[in-house]
Amino acid sequence: MRHARRRVVRRVTRLAAVGGLLLGGAMVTNAVASEPSDPVIGVPFTAPPATGDGTDLVSRLGNTRTAGSWIDSSGRPVVAVTDERAAAEVKRAGAQAKMVSHSMSDLKSAAATLRSAPRVSGTSWALDYKNNQVVVRGDSTVSASAWSRMTEVAEGIGSFVRMERTEGAFTTRLNGAQPILSTAGRCSAGFNVTDGESDFILTAGHCGPDGSVWFADDRGRQQVGTSLKGSFPGDDYSLVKYDAGRAGKGADVVAVGDGKGVRITGVADAEVGQKIFRSGSTSGLREGEVTALNATVNYPEGTVSGLIETNVCAEPGDSGGPMFADGIALGLTSGGSGDCKAGGTTFFQPVTKALTELGVKLIVAKSAGGTGAAPAPSASPGAASPGSSAPITGTDVSTLLSRLTDPRNVGPGMLVIAGSLVALVATRWIRAEQDRKAYRQYYSATWG
């Protein structure tokens, strides 16, 4: 009876091992088969914003009936409206409506008045949709007299202009996500783009004037490319043309540190309240939230407008680095105040405007259904040139950080196969040992 049970156990173990081999093989095959295709050329606005509903409603209802939109803590779009009819339309569309006193036209008019006033370096202003205000900030370099003049201008506009002093200084982050270096300093590569004939790195305009030569090492031996078509101040973007003409394999991936990267699948405009990630060659991967749009910053080098304001930190050398959410390209690091120890405010050049003005297209990964909006798996940048990387090695999951740590089916599949082989070898060895014991018993009983 005992021997019969052993035979049953061995047979079940062998069947499980064979099943494990088949399962592991299927997992590996599926992982290889599902490997993303080669990057394809994307176009501006290939992907909608994270929600889209709020932005669409604001566009449809107009600037006099709305005052912006944002995403609340539950991920639901909220639209600021100025009349009951607009509120009813927003609710019918499935979004929340918030009644406000000042329209988008009022907010933009206030911003225009601030811009026409005498320029004060170290100040910024942005449209705070959630509070229906224009927020004016002055850093530690702004003198008391200059701040007093700014306050007088704000009071002349109306009570919906809020004045705030902030620590630190508003500076560009020159000095990623891979580092690129020139005589102007160190910056970070942003996204790879193309005009159909040549490929480029899209980065910050303040990183260097047209003609700046960029290298991947601090000894000037690995030349990457040359800057052209930059815009700063006013805007903050530029192109670095690859010396080789092409970005190379993995051009749709941005580095996020520790040998990992994120595959970019589309481009969109940012939304207030949106959770975002930023990568830079100095401070690596950081996360935060979009706090305001249409921001203007008066850097010492000049004024830049139309920026995205966030509460994510950045440090010198992070300039030009990518900002993204779920694989969707959103911005390029411009500047800000603070650092990644104390925190701070960081401003980003919207990618959509840069693409439009420069006449280039983002190089993105082909996603299922061709929408360009699929979550971005992680990848390994390896030793690729700035702005490009090696083939993808991650998998789709709900958040970026888990995508960077979750292995693909190849690894688990190989483990299943290895375990099944061990089980098969073990059952064969046990069977052989039992046969040898049985033979020795039989031989000793019949010997003599």
# chains A, B, ... in the order shown; residues from 1 in each chain; ligands from 1

call {"tool": "closest_atom_pairs", "arguments": {"of": "segment 260-351 of chain A", "to": "segment 185-208 of chain A", "cutoff": "12 Å", "atoms": "only C-alpha atoms", "output": "JSON lines"}}
result
{"residue": "A:Val262", "atom": "CA", "partner": "A:Phe191", "partner_atom": "CA", "distance": 11.2}
{"residue": "A:Arg263", "atom": "CA", "partner": "A:Phe191", "partner_atom": "CA", "distance": 10.6}
{"residue": "A:Ile264", "atom": "CA", "partner": "A:Phe191", "partner_atom": "CA", "distance": 8.7}
{"residue": "A:Thr265", "atom": "CA", "partner": "A:Phe191", "partner_atom": "CA", "distance": 11.4}
{"residue": "A:Gly266", "atom": "CA", "partner": "A:Phe191", "partner_atom": "CA", "distance": 11.1}
{"residue": "A:Val267", "atom": "CA", "partner": "A:Phe191", "partner_atom": "CA", "distance": 10.5}
{"residue": "A:Arg278", "atom": "CA", "partner": "A:Gly190", "partner_atom": "CA", "distance": 10.1}
{"residue": "A:Ser279", "atom": "CA", "partner": "A:Ser188", "partner_atom": "CA", "distance": 8.6}
{"residue": "A:Gly280", "atom": "CA", "partner": "A:Ser188", "partner_atom": "CA", "distance": 5.9}
{"residue": "A:Ser281", "atom": "CA", "partner": "A:Ser188", "partner_atom": "CA", "distance": 5.6}
{"residue": "A:Thr282", "atom": "CA", "partner": "A:Ser188", "partner_atom": "CA", "distance": 8.4}
{"residue": "A:Ser283", "atom": "CA", "partner": "A:Ser188", "partner_atom": "CA", "distance": 10.7}
{"residue": "A:Gly284", "atom": "CA", "partner": "A:Ser188", "partner_atom": "CA", "distance": 10.3}
{"residue": "A:Tyr299", "atom": "CA", "partner": "A:His206", "partner_atom": "CA", "distance": 10.6}
{"residue": "A:Pro300", "atom": "CA", "partner": "A:His206", "partner_atom": "CA", "distance": 11.5}
{"residue": "A:Glu301", "atom": "CA", "partner": "A:His206", "partner_atom": "CA", "distance": 8.7}
{"residue": "A:Gly302", "atom": "CA", "partner": "A:His206", "partner_atom": "CA", "distance": 9.9}
{"residue": "A:Thr303", "atom": "CA", "partner": "A:His206", "partner_atom": "CA", "distance": 11.4}
{"residue": "A:Val304", "atom": "CA", "partner": "A:His206", "partner_atom": "CA", "distance": 10.3}
{"residue": "A:Ala314", "atom": "CA", "partner": "A:Ser188", "partner_atom": "CA", "distance": 11.6}
{"residue": "A:Glu315", "atom": "CA", "partner": "A:Cys187", "partner_atom": "CA", "distance": 10.5}
{"residue": "A:Pro316", "atom": "CA", "partner": "A:Cys187", "partner_atom": "CA", "distance": 8.0}
{"residue": "A:Gly317", "atom": "CA", "partner": "A:Cys187", "partner_atom": "CA", "distance": 4.7}
{"residue": "A:Asp318", "atom": "CA", "partner": "A:Ser188", "partner_atom": "CA", "distance": 5.5}
{"residue": "A:Ser319", "atom": "CA", "partner": "A:Cys187", "partner_atom": "CA", "distance": 5.1}
{"residue": "A:Gly320", "atom": "CA", "partner": "A:Ala204", "partner_atom": "CA", "distance": 4.2}
{"residue": "A:Gly321", "atom": "CA", "partner": "A:Gly190", "partner_atom": "CA", "distance": 4.4}
{"residue": "A:Pro322", "atom": "CA", "partner": "A:Gly190", "partner_atom": "CA", "distance": 4.6}
{"residue": "A:Met323", "atom": "CA", "partner": "A:Gly190", "partner_atom": "CA", "distance": 8.2}
{"residue": "A:Phe324", "atom": "CA", "partner": "A:Phe191", "partner_atom": "CA", "distance": 10.2}
{"residue": "A:Gly327", "atom": "CA", "partner": "A:Phe191", "partner_atom": "CA", "distance": 11.6}
{"residue": "A:Ile328", "atom": "CA", "partner": "A:Phe191", "partner_atom": "CA", "distance": 11.0}
{"residue": "A:Ala329", "atom": "CA", "partner": "A:Phe191", "partner_atom": "CA", "distance": 8.0}
{"residue": "A:Leu330", "atom": "CA", "partner": "A:Phe191", "partner_atom": "CA", "distance": 10.1}
{"residue": "A:Gly331", "atom": "CA", "partner": "A:Gly190", "partner_atom": "CA", "distance": 8.5}
{"residue": "A:Leu332", "atom": "CA", "partner": "A:Gly190", "partner_atom": "CA", "distance": 6.3}
{"residue": "A:Thr333", "atom": "CA", "partner": "A:Ala204", "partner_atom": "CA", "distance": 6.9}
{"residue": "A:Ser334", "atom": "CA", "partner": "A:Ala204", "partner_atom": "CA", "distance": 6.3}
{"residue": "A:Gly335", "atom": "CA", "partner": "A:Ala204", "partner_atom": "CA", "distance": 9.6}
{"residue": "A:Phe347", "atom": "CA", "partner": "A:Ala204", "partner_atom": "CA", "distance": 11.4}
{"residue": "A:Phe348", "atom": "CA", "partner": "A:Ala204", "partner_atom": "CA", "distance": 9.2}
{"residue": "A:Gln349", "atom": "CA", "partner": "A:Ala204", "partner_atom": "CA", "distance": 7.8}
{"residue": "A:Pro350", "atom": "CA", "partner": "A:Ala204", "partner_atom": "CA", "distance": 10.7}
{"residue": "A:Val351", "atom": "CA", "partner": "A:Leu202", "partner_atom": "CA", "distance": 8.7}

call {"tool": "write_last_selection", "arguments": {"atoms": "C-alpha atoms", "output": "PDB file, in the first residue's frame"}}
result
ATOM      1  CA  VAL A 262      10.130  54.853 -19.117  1.00  0.00           C
ATOM      2  CA  ARG A 263       8.778  54.312 -22.604  1.00  0.00           C
ATOM      3  CA  ILE A 264       6.997  57.394 -23.999  1.00  0.00           C
ATOM      4  CA  THR A 265       3.744  56.682 -25.844  1.00  0.00           C
ATOM      5  CA  GLY A 266       2.301  60.141 -26.544  1.00  0.00           C
ATOM      6  CA  VAL A 267       2.210  63.846 -25.761  1.00  0.00           C
ATOM      7  CA  ARG A 278      10.203  64.509 -13.496  1.00  0.00           C
ATOM      8  CA  SER A 279      13.631  63.085 -14.257  1.00  0.00           C
ATOM      9  CA  GLY A 280      16.956  64.901 -14.268  1.00  0.00           C
ATOM     10  CA  SER A 281      20.654  64.098 -14.338  1.00  0.00           C
ATOM     11  CA  THR A 282      21.232  65.725 -10.923  1.00  0.00           C
ATOM     12  CA  SER A 283      18.324  64.658  -8.716  1.00  0.00           C
ATOM     13  CA  GLY A 284      16.985  61.656 -10.649  1.00  0.00           C
ATOM     14  CA  TYR A 299      14.519  84.885 -14.353  1.00  0.00           C
ATOM     15  CA  PRO A 300      17.686  86.994 -14.091  1.00  0.00           C
ATOM     16  CA  GLU A 301      18.313  86.119 -17.764  1.00  0.00           C
ATOM     17  CA  GLY A 302      14.852  87.167 -18.933  1.00  0.00           C
ATOM     18  CA  THR A 303      11.108  86.465 -18.758  1.00  0.00           C
ATOM     19  CA  VAL A 304       9.517  83.168 -19.802  1.00  0.00           C
ATOM     20  CA  ALA A 314      14.597  70.222  -9.139  1.00  0.00           C
ATOM     21  CA  GLU A 315      18.254  71.195  -8.872  1.00  0.00           C
ATOM     22  CA  PRO A 316      20.978  72.662 -11.099  1.00  0.00           C
ATOM     23  CA  GLY A 317      21.721  70.240 -13.948  1.00  0.00           C
ATOM     24  CA  ASP A 318      18.109  69.055 -14.186  1.00  0.00           C
ATOM     25  CA  SER A 319      17.297  71.703 -16.816  1.00  0.00           C
ATOM     26  CA  GLY A 320      15.755  70.326 -19.973  1.00  0.00           C
ATOM     27  CA  GLY A 321      14.862  67.008 -18.344  1.00  0.00           C
ATOM     28  CA  PRO A 322      11.513  65.351 -19.092  1.00  0.00           C
ATOM     29  CA  MET A 323       8.243  65.692 -17.180  1.00  0.00           C
ATOM     30  CA  PHE A 324       5.653  63.009 -17.900  1.00  0.00           C
ATOM     31  CA  GLY A 327       4.216  57.583 -20.394  1.00  0.00           C
ATOM     32  CA  ILE A 328       2.739  60.815 -21.779  1.00  0.00           C
ATOM     33  CA  ALA A 329       5.247  63.627 -22.436  1.00  0.00           C
ATOM     34  CA  LEU A 330       4.171  66.895 -20.792  1.00  0.00           C
ATOM     35  CA  GLY A 331       7.062  69.282 -20.190  1.00  0.00           C
ATOM     36  CA  LEU A 332      10.762  70.213 -20.100  1.00  0.00           C
ATOM     37  CA  THR A 333      12.373  71.405 -16.868  1.00  0.00           C
ATOM     38  CA  SER A 334      12.908  75.170 -17.024  1.00  0.00           C
ATOM     39  CA  GLY A 335      13.678  76.498 -13.529  1.00  0.00           C
ATOM     40  CA  PHE A 347       8.383  75.393 -13.846  1.00  0.00           C
ATOM     41  CA  PHE A 348       8.208  73.439 -17.105  1.00  0.00           C
ATOM     42  CA  GLN A 349       8.036  74.383 -20.762  1.00  0.00           C
ATOM     43  CA  PRO A 350       4.993  72.608 -22.294  1.00  0.00           C
ATOM     44  CA  VAL A 351       6.146  70.040 -24.861  1.00  0.00           C
TER      45      VAL A 351
END

call {"tool": "closest_residue", "arguments": {"among": "A:Ser109, A:Thr183, A:Ser238, A:Ser73", "to": "Val213 of chain A", "atoms": "only C-alpha atoms"}}
result
A:Thr183

call {"tool": "closest_residue", "arguments": {"among": "A:Ser74, A:Thr166, A:Asn298, A:Ser212", "to": "Ser121 of chain A", "atoms": "only C-alpha atoms"}}
result
A:Asn298

call {"tool": "select_by_dssp", "arguments": {"residues": "segment 28-242 of chain A", "states": "strand (DSSP E or B)", "output": "MDAnalysis selection string"}}
result
chainID A and resid 40:41 66:71 77:81 96:99 123:128 133:138 161:165 171:172 179:182 185:188 191:194 199:203 213:215 223:231 234 237:242

call {"tool": "select_by_dssp", "arguments": {"residues": "segment 209-405 of chain A", "states": "alpha helix (DSSP H)", "output": "ChimeraX atom specification"}}
result
/A:351-358,400-405
